[in-house]
Amino acid sequence: MDNDNMNLSKRRKRQSSSSLTMVDGNDGEDRISKLPNSVIVHILSFLKTENVVPTCVLSKRWKFIWYSVPTIFFSMTGLCSRMDTAQYLEWQQDPEKFYIYVEKYLEHRKKGMYFIENSISTSFKLEMFGYYKKSKAGIVDKWLAFAVENKVKEINLSIGRDKDNGGCCYCLPKILVNATYLTILELCGVGLNTSHSFNFPSLKTLSLEYVWLSHTAKEDVVVKFLLGCHSLEKLQLCRYEFLHIDGKLRLGSLSLKFLELEHTINVDDIKVEAINLESLVLRGASVRNINFSACKKIRNLLLDDTSDEFEPLLHTLLANNPLLENLTLIFHHLHENHLKISGKELKSFNFTSSYFGPCNITIESAPKLAYFCYEGHMDLSISIEPSISLSGKIVILEGETEYVDDRYEAAWFTDMLNFLLNLNCSWNTISLHVVEYEALIWPEKLKRVCRSPLLNWKHLKVITKCSNPKRISDLKDSLMWISPSLETLSINEKHIF
């Protein structure tokens with residue numbers, strides 16, 4: 001590196017030494033330096049490049065190790081340590097220094113390939129969201145050319161628009177088309193030219209977030225990727241706007257196994273033809289606007305839907321996927337207050353509700369169900385037909401609760417009592433999460449007028465804010481009143497009995 005960077009590295013020597021060595025209290029032995037080079041390189045591969053380079057001043061042995069780290073990761077935004085903070089502030093005040101740093105690093109890395117036998121790059125990651133300048137597009141192109149020439153398998157770019165030049169975005173260069181060795185491509189805040197081909201025969205994972213297309217684009221870029229990436233297994237789209245040319249859009253793939261759509265735009269009349277799809281995640285995208293009738297092998301399903309006609313669409317989706325094993329539903333409101341769930345292969349069911357209002361769940365024809373998780377307010381009742389033994393997790397949300405002035409008094413415990421009694425199923429191990437420990441400590445005067453819930457819980461784990469041993473004792477007594485048949489109890493991961 002040049003003198004300025006070497007001096008900067010020397011100033012950080014003490015920080016790097018303390019963070020990269022395990023020192024024995026008796027003899028000051030450096031344990032990390034006794035590890036094989038391969039292990040050290042593996043450890044360093046988890047760090048950002050600006051943290052890796054200063055290790056070259058630790059000793060003669062460390063002088064060239066950084067050349068062998070296969071991951072190249074530059075970031076102007078991530079803050080993980082005091083050293084990161086100092087570097088970040090320096091680059092924030094003068095972004096030009098960031099470009100100079102990356103340029104010089106890549107020059108040295110390229111030279112190192114001639115005298116370091118295992119100087120191989122497998123991953124290239126660049127984070128500069130909010131600091132991109134249109135005038136630097138050619139330089140960024142050169143960085144990507146370095147990655148392509150070195151046949152990297154993973155490229156992750158997070159760049160963003162140039163706010164000082166009309167919001168211009170960085171458009172991926174044509175050189176990327178030659179990255180035939182790519183297995184993972186993750187793009188955030190970049191532009192794509194649909195006139196380029198997207199033939200990546202080895203690509204397994206594609207992630208597009210805030211990706212922009214030109215106004216003259218004549219075809220959807222995702223469709224092009226699916227046509228040119230015959231090995232693609234995982235597709236993630238976030239804040240992506242589909243381009244409809246002839247009204248309807250078809251997303252077809254024989255290899256696709258995982259699909260995630262998060263707050264995608266213009267999703268009307270999309271037909272997904274992925275007959276081997278096993279995992280589907282929809283967040284902020286209505287099931288009503290997407291046709292999944294060709295997907296009948298889904299095993300993992302997560303739906304975060306806000307549409308009014310969600311329930312009947314859900315039933316249709318469940319009926320078309322008899323192999324479903326894991327179901328997660330996130331509701332913001334319900335058109336009806338009764339929800340029926342069934343599935344002969346269903347093993348776990350996670351239900352999250354953020355609204356106030358009664359909800360009745362019936363789980364039927366699910367003989368393999370072993371786990372149920374609920375996160376929401378105390379207005380849920382659940383019934384499982386036939387009754388089976390479950391492990392579960394219950395997270396009680398308070399939010400902007402109606403109990404602001406008299407929280408954890410009579411009204412609270414009445415609702416709590418009804419809530420627990422309405423968990424109408426046989427529990428094996430249950431984990432109960434509340435905000436404050438007082439939420440579960442029944443006042444003595446209420447115990448005298450209320451019958452015990454007499455829950456048949458055997459194994460209970462409670463997670464709450466509780467550090468006072470006396471209050472833990474009170475909490476234990478209250479829990480034993482709630483469920484006298486408890487065999488094991490832990491509070492905040494501490495075994496009580």
# chains A, B, ... in the order shown; residues from 1 in each chain; ligands from 1
>>> residues_around(residues="A:Val211", least_positions_apart="5", cutoff="9 Å", atoms="only C-alpha atoms", output="ChimeraX atom specification")
/A:187-192,238-241
>>> residues_around(residues="A:Lys204", least_positions_apart="3", cutoff="8 Å", atoms="only C-alpha atoms", output="PyMOL selection string")
chain A and resi 183-184+231-234
>>> write_last_selection(atoms="C-alpha atoms", output="CSV table (one decimal), in the first residue's frame")
chain,number,residue,atom,x,y,z
A,183,THR,CA,-23.5,-18.6,-8.2
A,184,ILE,CA,-24.8,-15.6,-6.1
A,231,SER,CA,-29.8,-23.4,-12.5
A,232,LEU,CA,-31.5,-20.6,-10.5
A,233,GLU,CA,-32.9,-22.0,-7.2
A,234,LYS,CA,-33.5,-18.8,-5.1
>>> closest_residue(among="A:Ala319, A:Glu278, A:Ser353, A:Glu438", to="A:Lys340", atoms="only C-alpha atoms")
A:Ala319
>>> atom_distance(atom1="atom CA of A:Ala217", atom2="atom CA of A:Glu127")
26.5 Å
>>> closest_residue(among="A:Ser389, A:Thr194, A:Ser431, A:Ser478", to="A:Ile463", atoms="only C-alpha atoms")
A:Ser431
>>> atom_distance(atom1="atom CA of A:Pro173", atom2="atom CA of A:Val52")
28.3 Å
>>> select_by_dssp(residues="stretch 172-308 of chain A", states="strand (DSSP E or B)", output="number ranges by chain")
A: 184-188, 191-192, 205-209, 212-213, 234-238, 241, 249-252, 258-262, 265, 270-273, 279-283, 290-291, 300-305
>>> closest_residue(among="A:Leu206, A:Ile120, A:Cys373, A:Cys171", to="A:Leu185", atoms="only C-alpha atoms")
A:Leu206
>>> residues_around(residues="A:Lys136", least_positions_apart="3", cutoff="12 Å", atoms="only C-alpha atoms", output="list of chain:residue names")
A:Pro95, A:Glu96, A:Phe98, A:Tyr99, A:Ile100, A:Glu103, A:Met128, A:Tyr131, A:Tyr132, A:Lys133, A:Ile139, A:Val140, A:Asp141, A:Lys142, A:Trp143, A:Ile159, A:Asp162, A:Cys168, A:Cys169, A:Tyr170, A:Cys171
>>> closest_residue(among="A:Thr180, A:Asn266, A:Ser207, A:Asn337", to="A:Cys229", atoms="only C-alpha atoms")
A:Thr180
>>> residues_around(residues="A:Phe242", least_positions_apart="4", cutoff="9 Å", atoms="only C-alpha atoms", output="list in words")
Asp220, Val221, Val222, Leu249, Thr264, Ile265, Asn266 and Val267 of chain A
